[in-house]
Amino acid sequence: VLVLDKGLLSAFDKPAQKFRDMKLARFEFHKLRAVELSMPSGKCRLERRGNRWRIALPFEDTCDAAAVANLITALQEAKAERFEADDVQEAQFPLFGLSSDAPAVGKVTVELDGDTKPLEIVFGNAVLDKTDLILARNSRARSVFAVNKSIVPALDQNPMLLRSRELFSYLLTDVWKVEIKNEHPLVEVFKRPIIGWQAVLPTDYQFDPRRVDFFLMRLAEFRAEAIASEGTDDLEPFGLLVPDYRMILSLEEEVQPAQAGGGARRDPPRFVKREEILLVGVVQGPPKRAFGMIQGRPRIVELPLPVADVLARGHLNFMSLTVNEIFGSDIEHIVFLAGDKMLRVACDDNLRWRVAESKNLSAEPKGIAEAANAFRDLKAIDIAAARVILPSPYKFEEPILTAEATLRTDPPGNEKKTRKLVVGPKTDFGAYPAYVDGPDAVVYLLDRAPVEAMLAPLK
């Protein structure tokens, strides 16, 4: 153990610290090419390849983008507590534990685009007069700083924890087909050039192509909660021997050719088709848990339970959230019922709403136009179930509101059509369950604003 006299550091001139840049390192994130951590727990090298980061040492794997961003941010934001010495010669670095070859604590090597020599941040001996500080320097200056030693655990990363927890690796524009299956196919959609997304299976539902991209964006946001196993052949404990769900993404990815040398013309990009297949098993427990793996890869991960819930929804993920979309001129009248209160509003030829009949209302109803328009243009925030089952967990037997529209016929005199909306009590998470009466009724979830607008005239 080398013990330094406190006077050794004070032998160097100390410029006024308020004029000194106290950041350990300055670099631009987008210029990073590689980061190598040589810290107490071992060596870890991260390399950027295109827009993605990979672990190159001590093993090869994809990186978790958020974990890498946190690591780089910690390095960029690290500041010295105080300046210790200036114009320190390379031969003196070992005295401070700041030798590049044998640092007392460790070092971080940063490789940047356009730089011929990497930047090194070296961490050395403890500061004698303040035990929470250690000495540090960067290779682009001969100054020595004192930094809080809490920077060490922030940079001393276990590479196992830096591995990617993404379920999928794709660009939204590369996906051209989505399939979800259990023991039977649940849903299939595919993208046609120019036309866009189309439903293949099933075909008898109100398909909204915009919701496919929303589904894919939501899927890309899910992360594994933990890595459950590496390389096991025993899939049964994870419910993956006979998985509950399979989701198949068909991709067509653009591959750029290697840069041609000698000024030769670069070949055009080529397109490669591949599939990513997510297998999901649900273990009932207790506790209930979900596990997944990408077919062909040995890693099994624990998934957030909502991943299984999303796949179980099948075609509901792509179903339109439009509950009603009726022209005002097509509505003859609407009857609103809440408990023993009733209000019937009618629409005239000028699309103006008026009270046609009311019962048990204590005052002249207000907001009838807003109520009628809320019914006419009703949109859901989500779909809760594929069908209405009575008795219902959503308590549709005790509705807080029903609204039934009678539509005009063409020609007049034909049998009139009606459209009836049933709204149940508010759920624990603040939405209102509802359905439109009919043989293919699904359970929608409504925001409170349109429901309150339809209830307002009945108060």
# chains A, B, ... in the order shown; residues from 1 in each chain; ligands from 1
$ residues_around --residues "segment 202-208 of chain A" --least-positions-apart "6" --cutoff "8 Å" --atoms "only C-alpha atoms" --output "list of chain:residue names"
A:Leu186, A:Val187, A:Glu188, A:His315, A:Phe318, A:Met319, A:Ser320
$ write_last_selection --atoms "N, CA, C and O atoms" --output "PDB file, in the first residue's frame"
ATOM      1  N   LEU A 186     -55.977 -17.013 -34.473  1.00  0.00           N
ATOM      2  CA  LEU A 186     -56.873 -16.012 -33.909  1.00  0.00           C
ATOM      3  C   LEU A 186     -57.058 -14.825 -34.844  1.00  0.00           C
ATOM      4  O   LEU A 186     -58.164 -14.317 -34.995  1.00  0.00           O
ATOM      5  N   VAL A 187     -55.970 -14.359 -35.424  1.00  0.00           N
ATOM      6  CA  VAL A 187     -56.055 -13.181 -36.271  1.00  0.00           C
ATOM      7  C   VAL A 187     -54.874 -13.180 -37.227  1.00  0.00           C
ATOM      8  O   VAL A 187     -53.782 -13.666 -36.914  1.00  0.00           O
ATOM      9  N   GLU A 188     -55.099 -12.632 -38.419  1.00  0.00           N
ATOM     10  CA  GLU A 188     -54.021 -12.435 -39.397  1.00  0.00           C
ATOM     11  C   GLU A 188     -54.332 -11.173 -40.189  1.00  0.00           C
ATOM     12  O   GLU A 188     -55.455 -10.986 -40.669  1.00  0.00           O
ATOM     13  N   HIS A 315     -58.200 -10.470 -32.619  1.00  0.00           N
ATOM     14  CA  HIS A 315     -58.607  -9.438 -33.578  1.00  0.00           C
ATOM     15  C   HIS A 315     -59.117  -8.164 -32.912  1.00  0.00           C
ATOM     16  O   HIS A 315     -59.225  -7.119 -33.561  1.00  0.00           O
ATOM     17  N   PHE A 318     -57.235  -4.982 -33.400  1.00  0.00           N
ATOM     18  CA  PHE A 318     -57.310  -4.267 -34.677  1.00  0.00           C
ATOM     19  C   PHE A 318     -58.724  -3.788 -34.992  1.00  0.00           C
ATOM     20  O   PHE A 318     -58.991  -3.290 -36.074  1.00  0.00           O
ATOM     21  N   MET A 319     -59.612  -3.924 -34.030  1.00  0.00           N
ATOM     22  CA  MET A 319     -61.006  -3.548 -34.266  1.00  0.00           C
ATOM     23  C   MET A 319     -61.184  -2.041 -34.114  1.00  0.00           C
ATOM     24  O   MET A 319     -60.556  -1.403 -33.275  1.00  0.00           O
ATOM     25  N   SER A 320     -62.043  -1.489 -34.939  1.00  0.00           N
ATOM     26  CA  SER A 320     -62.322  -0.059 -34.889  1.00  0.00           C
ATOM     27  C   SER A 320     -62.917   0.330 -33.538  1.00  0.00           C
ATOM     28  O   SER A 320     -63.725  -0.411 -32.958  1.00  0.00           O
TER      29      SER A 320
END
$ select_by_dssp --residues "segment 62-97 of chain A" --states "strand (DSSP E)" --output "ChimeraX atom specification"
/A:62,80-85
$ write_last_selection --atoms "N, CA, C and O atoms" --output "mmCIF file, in the first residue's frame"
data_model
loop_
_atom_site.group_PDB
_atom_site.id
_atom_site.type_symbol
_atom_site.label_atom_id
_atom_site.label_comp_id
_atom_site.auth_asym_id
_atom_site.auth_seq_id
_atom_site.Cartn_x
_atom_site.Cartn_y
_atom_site.Cartn_z
ATOM 1 N N THR A 62 -27.071 -8.512 -27.762
ATOM 2 C CA THR A 62 -27.626 -7.183 -27.979
ATOM 3 C C THR A 62 -27.756 -6.468 -26.637
ATOM 4 O O THR A 62 -27.906 -7.099 -25.590
ATOM 5 N N ALA A 80 -16.297 16.640 -11.290
ATOM 6 C CA ALA A 80 -15.344 16.622 -10.193
ATOM 7 C C ALA A 80 -15.856 17.483 -9.044
ATOM 8 O O ALA A 80 -16.522 18.502 -9.258
ATOM 9 N N GLU A 81 -15.561 17.045 -7.824
ATOM 10 C CA GLU A 81 -15.895 17.841 -6.646
ATOM 11 C C GLU A 81 -14.909 18.995 -6.482
ATOM 12 O O GLU A 81 -15.273 20.081 -6.053
ATOM 13 N N ARG A 82 -13.652 18.713 -6.829
ATOM 14 C CA ARG A 82 -12.643 19.758 -6.705
ATOM 15 C C ARG A 82 -11.443 19.405 -7.562
ATOM 16 O O ARG A 82 -11.224 18.245 -7.924
ATOM 17 N N PHE A 83 -10.690 20.412 -7.892
ATOM 18 C CA PHE A 83 -9.435 20.257 -8.648
ATOM 19 C C PHE A 83 -8.305 19.958 -7.660
ATOM 20 O O PHE A 83 -8.213 20.559 -6.595
ATOM 21 N N GLU A 84 -7.448 18.988 -8.030
ATOM 22 C CA GLU A 84 -6.382 18.584 -7.125
ATOM 23 C C GLU A 84 -4.990 18.987 -7.610
ATOM 24 O O GLU A 84 -4.153 19.423 -6.820
ATOM 25 N N ALA A 85 -4.692 18.805 -8.891
ATOM 26 C CA ALA A 85 -3.328 19.079 -9.372
ATOM 27 C C ALA A 85 -3.350 19.324 -10.857
ATOM 28 O O ALA A 85 -4.234 18.851 -11.579
#
$ closest_residue --among "A:Ser150, A:Asn70, A:Ser41, A:Ser164" --to "Trp53 of chain A" --atoms "only C-alpha atoms"
A:Ser164
$ select_by_dssp --residues "segment 167-333 of chain A" --states "helix (DSSP H, G or I)" --output "PyMOL selection string"
chain A and resi 172-174+210-221+236-238+305-312+314-318+328-330
$ closest_residue --among "A:Ile248, A:Leu240, A:Val88, A:Ala78" --to "Lys181 of chain A" --atoms "only C-alpha atoms"
A:Ile248
$ closest_atom_pairs --of "segment 61-167 of chain A" --to "segment 29-32 of chain A" --cutoff "9 Å" --atoms "only C-alpha atoms" --output "JSON lines"
{"residue": "A:Ile72", "atom": "CA", "partner": "A:Phe29", "partner_atom": "CA", "distance": 7.8}
{"residue": "A:Thr73", "atom": "CA", "partner": "A:Phe29", "partner_atom": "CA", "distance": 8.9}
{"residue": "A:Gln76", "atom": "CA", "partner": "A:Phe29", "partner_atom": "CA", "distance": 8.9}
{"residue": "A:Val110", "atom": "CA", "partner": "A:Leu32", "partner_atom": "CA", "distance": 7.3}
{"residue": "A:Glu111", "atom": "CA", "partner": "A:Leu32", "partner_atom": "CA", "distance": 6.1}
{"residue": "A:Leu112", "atom": "CA", "partner": "A:Leu32", "partner_atom": "CA", "distance": 4.6}
{"residue": "A:Asp113", "atom": "CA", "partner": "A:Lys31", "partner_atom": "CA", "distance": 5.2}
{"residue": "A:Gly114", "atom": "CA", "partner": "A:Lys31", "partner_atom": "CA", "distance": 8.2}
$ residues_around --residues "Arg210 of chain A" --least-positions-apart "4" --cutoff "12 Å" --atoms "only C-alpha atoms" --output "PyMOL selection string"
chain A and resi 189+191+196-199+214-217+317-321
$ write_last_selection --atoms "all heavy atoms" --output "compact mmCIF listing (two decimals), in the first residue's frame"
# COMPACT_ATOMS: atom_id res chain seq x y z
N VAL A 189 -53.34 -10.30 -40.28
CA VAL A 189 -53.45 -9.10 -41.11
C VAL A 189 -52.18 -9.00 -41.95
O VAL A 189 -51.11 -9.47 -41.54
CB VAL A 189 -53.64 -7.82 -40.27
CG1 VAL A 189 -54.94 -7.87 -39.49
CG2 VAL A 189 -52.47 -7.59 -39.32
N LYS A 191 -50.01 -6.40 -45.06
CA LYS A 191 -49.91 -5.09 -45.68
C LYS A 191 -49.70 -5.24 -47.17
O LYS A 191 -48.74 -5.86 -47.61
CB LYS A 191 -48.76 -4.30 -45.06
CG LYS A 191 -48.67 -2.84 -45.55
CD LYS A 191 -47.38 -2.19 -45.10
CE LYS A 191 -47.32 -1.98 -43.62
NZ LYS A 191 -46.08 -1.28 -43.18
N GLY A 196 -52.16 -0.69 -48.06
CA GLY A 196 -51.93 -0.73 -46.62
C GLY A 196 -52.46 -2.00 -45.98
O GLY A 196 -52.64 -3.02 -46.64
N TRP A 197 -52.73 -1.93 -44.67
CA TRP A 197 -53.12 -3.11 -43.90
C TRP A 197 -54.52 -3.59 -44.27
O TRP A 197 -55.43 -2.78 -44.42
CB TRP A 197 -53.06 -2.82 -42.41
CG TRP A 197 -51.67 -2.67 -41.88
CD1 TRP A 197 -51.04 -1.52 -41.52
CD2 TRP A 197 -50.73 -3.73 -41.65
NE1 TRP A 197 -49.77 -1.78 -41.09
CE2 TRP A 197 -49.55 -3.12 -41.15
CE3 TRP A 197 -50.76 -5.11 -41.82
CZ2 TRP A 197 -48.42 -3.88 -40.82
CZ3 TRP A 197 -49.64 -5.85 -41.49
CH2 TRP A 197 -48.48 -5.24 -40.99
N GLN A 198 -54.65 -4.92 -44.39
CA GLN A 198 -55.94 -5.53 -44.66
C GLN A 198 -56.12 -6.74 -43.75
O GLN A 198 -55.16 -7.43 -43.41
CB GLN A 198 -56.05 -5.97 -46.12
CG GLN A 198 -56.10 -4.79 -47.10
CD GLN A 198 -56.48 -5.24 -48.49
OE1 GLN A 198 -55.90 -6.17 -49.03
NE2 GLN A 198 -57.45 -4.59 -49.08
N ALA A 199 -57.38 -7.00 -43.37
CA ALA A 199 -57.70 -8.14 -42.52
C ALA A 199 -57.83 -9.40 -43.38
O ALA A 199 -58.48 -9.38 -44.43
CB ALA A 199 -58.99 -7.89 -41.76
N PHE A 214 -50.49 0.93 -34.30
CA PHE A 214 -50.54 1.21 -32.86
C PHE A 214 -50.19 -0.05 -32.07
O PHE A 214 -49.43 0.00 -31.10
CB PHE A 214 -51.92 1.71 -32.47
CG PHE A 214 -52.11 1.91 -31.00
CD1 PHE A 214 -51.61 3.04 -30.37
CD2 PHE A 214 -52.76 0.95 -30.23
CE1 PHE A 214 -51.76 3.21 -29.00
CE2 PHE A 214 -52.91 1.12 -28.86
CZ PHE A 214 -52.42 2.25 -28.25
N PHE A 215 -50.71 -1.19 -32.49
CA PHE A 215 -50.41 -2.47 -31.84
C PHE A 215 -48.92 -2.78 -31.91
O PHE A 215 -48.31 -3.18 -30.91
CB PHE A 215 -51.22 -3.58 -32.53
CG PHE A 215 -50.83 -4.98 -32.16
CD1 PHE A 215 -51.32 -5.57 -30.99
CD2 PHE A 215 -49.97 -5.71 -32.96
CE1 PHE A 215 -50.96 -6.86 -30.66
CE2 PHE A 215 -49.61 -7.01 -32.63
CZ PHE A 215 -50.11 -7.57 -31.47
N LEU A 216 -48.31 -2.59 -33.08
CA LEU A 216 -46.89 -2.87 -33.24
C LEU A 216 -46.03 -1.93 -32.41
O LEU A 216 -45.00 -2.33 -31.86
CB LEU A 216 -46.50 -2.80 -34.71
CG LEU A 216 -47.09 -3.89 -35.61
CD1 LEU A 216 -46.82 -3.58 -37.08
CD2 LEU A 216 -46.51 -5.25 -35.24
N MET A 217 -46.43 -0.66 -32.32
CA MET A 217 -45.68 0.29 -31.48
C MET A 217 -45.80 -0.09 -30.00
O MET A 217 -44.81 -0.04 -29.26
CB MET A 217 -46.21 1.71 -31.70
CG MET A 217 -45.80 2.30 -33.04
SD MET A 217 -46.22 4.06 -33.21
CE MET A 217 -48.00 3.98 -33.33
N ASN A 317 -57.52 -6.35 -31.04
CA ASN A 317 -56.44 -5.37 -31.13
C ASN A 317 -56.56 -4.48 -32.36
O ASN A 317 -56.02 -3.37 -32.38
CB ASN A 317 -55.08 -6.10 -31.18
CG ASN A 317 -54.72 -6.75 -29.86
OD1 ASN A 317 -54.58 -6.09 -28.85
ND2 ASN A 317 -54.60 -8.07 -29.88
N PHE A 318 -57.23 -4.98 -33.40
CA PHE A 318 -57.31 -4.27 -34.68
C PHE A 318 -58.72 -3.79 -34.99
O PHE A 318 -58.99 -3.29 -36.07
CB PHE A 318 -56.81 -5.16 -35.81
CG PHE A 318 -55.50 -5.83 -35.52
CD1 PHE A 318 -55.32 -7.18 -35.75
CD2 PHE A 318 -54.44 -5.10 -35.00
CE1 PHE A 318 -54.11 -7.79 -35.48
CE2 PHE A 318 -53.23 -5.70 -34.73
CZ PHE A 318 -53.06 -7.06 -34.96
N MET A 319 -59.61 -3.92 -34.03
CA MET A 319 -61.01 -3.55 -34.27
C MET A 319 -61.18 -2.04 -34.11
O MET A 319 -60.56 -1.40 -33.28
CB MET A 319 -61.91 -4.29 -33.29
CG MET A 319 -63.39 -4.09 -33.51
SD MET A 319 -64.37 -5.10 -32.38
CE MET A 319 -65.25 -6.12 -33.53
N SER A 320 -62.04 -1.49 -34.94
CA SER A 320 -62.32 -0.06 -34.89
C SER A 320 -62.92 0.33 -33.54
O SER A 320 -63.72 -0.41 -32.96
CB SER A 320 -63.29 0.33 -36.00
OG SER A 320 -63.70 1.67 -35.86
N LEU A 321 -62.53 1.49 -33.05
CA LEU A 321 -63.06 2.02 -31.79
C LEU A 321 -64.25 2.94 -32.02
O LEU A 321 -64.74 3.57 -31.08
CB LEU A 321 -61.95 2.77 -31.03
CG LEU A 321 -60.76 1.91 -30.59
CD1 LEU A 321 -59.71 2.78 -29.91
CD2 LEU A 321 -61.20 0.79 -29.66
$ closest_residue --among "A:Asp174, A:Asp132, A:Asp61, A:Asp377" --to "Glu254 of chain A" --atoms "only C-alpha atoms"
A:Asp174
$ residues_around --residues "segment 340-342 of chain A" --least-positions-apart "4" --cutoff "9 Å" --atoms "only C-alpha atoms" --output "VMD selection string"
chain A and resid 335 to 336 357 to 361 458 to 459
$ closest_residue --among "A:Asp101, A:Glu183, A:Glu302, A:Asp244" --to "Gly281 of chain A" --atoms "only C-alpha atoms"
A:Asp244
$ closest_residue --among "A:Pro439, A:Gly292, A:Pro457, A:Gly124" --to "Ile227 of chain A" --atoms "only C-alpha atoms"
A:Gly292
$ residues_around --residues "Gly239 of chain A" --least-positions-apart "4" --cutoff "9 Å" --atoms "only C-alpha atoms" --output "PyMOL selection string"
chain A and resi 235+243-244+280-283+290-292
$ decode --residues "segment 335-352 of chain A" --atoms "N, CA and C atoms" --output "mmCIF file, in the first residue's frame"
data_model
loop_
_atom_site.group_PDB
_atom_site.id
_atom_site.type_symbol
_atom_site.label_atom_id
_atom_site.label_comp_id
_atom_site.auth_asym_id
_atom_site.auth_seq_id
_atom_site.Cartn_x
_atom_site.Cartn_y
_atom_site.Cartn_z
ATOM 1 N N VAL A 335 -83.875 8.512 -27.571
ATOM 2 C CA VAL A 335 -84.468 8.408 -26.232
ATOM 3 C C VAL A 335 -83.360 8.068 -25.255
ATOM 4 N N PHE A 336 -83.136 8.956 -24.262
ATOM 5 C CA PHE A 336 -82.156 8.741 -23.200
ATOM 6 C C PHE A 336 -82.894 8.314 -21.935
ATOM 7 N N LEU A 337 -82.435 7.240 -21.290
ATOM 8 C CA LEU A 337 -83.033 6.744 -20.058
ATOM 9 C C LEU A 337 -81.956 6.585 -18.999
ATOM 10 N N ALA A 338 -82.215 7.103 -17.796
ATOM 11 C CA ALA A 338 -81.325 6.900 -16.653
ATOM 12 C C ALA A 338 -82.201 6.745 -15.421
ATOM 13 N N GLY A 339 -82.300 5.519 -14.897
ATOM 14 C CA GLY A 339 -83.230 5.253 -13.790
ATOM 15 C C GLY A 339 -84.651 5.485 -14.239
ATOM 16 N N ASP A 340 -85.384 6.322 -13.488
ATOM 17 C CA ASP A 340 -86.781 6.586 -13.862
ATOM 18 C C ASP A 340 -86.916 7.854 -14.703
ATOM 19 N N LYS A 341 -85.792 8.425 -15.132
ATOM 20 C CA LYS A 341 -85.823 9.660 -15.919
ATOM 21 C C LYS A 341 -85.712 9.336 -17.406
ATOM 22 N N MET A 342 -86.506 10.069 -18.182
ATOM 23 C CA MET A 342 -86.529 9.827 -19.627
ATOM 24 C C MET A 342 -86.519 11.155 -20.363
ATOM 25 N N LEU A 343 -85.761 11.172 -21.464
ATOM 26 C CA LEU A 343 -85.744 12.355 -22.326
ATOM 27 C C LEU A 343 -85.692 11.887 -23.771
ATOM 28 N N ARG A 344 -86.638 12.404 -24.569
ATOM 29 C CA ARG A 344 -86.623 12.109 -26.008
ATOM 30 C C ARG A 344 -86.343 13.406 -26.739
ATOM 31 N N VAL A 345 -85.285 13.404 -27.566
ATOM 32 C CA VAL A 345 -84.934 14.590 -28.344
ATOM 33 C C VAL A 345 -85.076 14.259 -29.821
ATOM 34 N N ALA A 346 -85.520 15.234 -30.595
ATOM 35 C CA ALA A 346 -85.739 15.039 -32.023
ATOM 36 C C ALA A 346 -84.880 16.021 -32.810
ATOM 37 N N CYS A 347 -84.573 15.630 -34.046
ATOM 38 C CA CYS A 347 -83.747 16.458 -34.916
ATOM 39 C C CYS A 347 -84.609 16.956 -36.086
ATOM 40 N N ASP A 348 -84.614 18.291 -36.293
ATOM 41 C CA ASP A 348 -85.425 18.816 -37.394
ATOM 42 C C ASP A 348 -84.596 18.856 -38.680
ATOM 43 N N ASP A 349 -85.192 19.374 -39.741
ATOM 44 C CA ASP A 349 -84.532 19.378 -41.046
ATOM 45 C C ASP A 349 -83.304 20.284 -41.078
ATOM 46 N N ASN A 350 -83.224 21.206 -40.137
ATOM 47 C CA ASN A 350 -82.064 22.106 -40.061
ATOM 48 C C ASN A 350 -81.002 21.601 -39.086
ATOM 49 N N LEU A 351 -81.139 20.316 -38.692
ATOM 50 C CA LEU A 351 -80.185 19.656 -37.788
ATOM 51 C C LEU A 351 -80.133 20.329 -36.418
ATOM 52 N N ARG A 352 -81.275 20.866 -35.987
ATOM 53 C CA ARG A 352 -81.374 21.439 -34.654
ATOM 54 C C ARG A 352 -82.136 20.468 -33.760
#
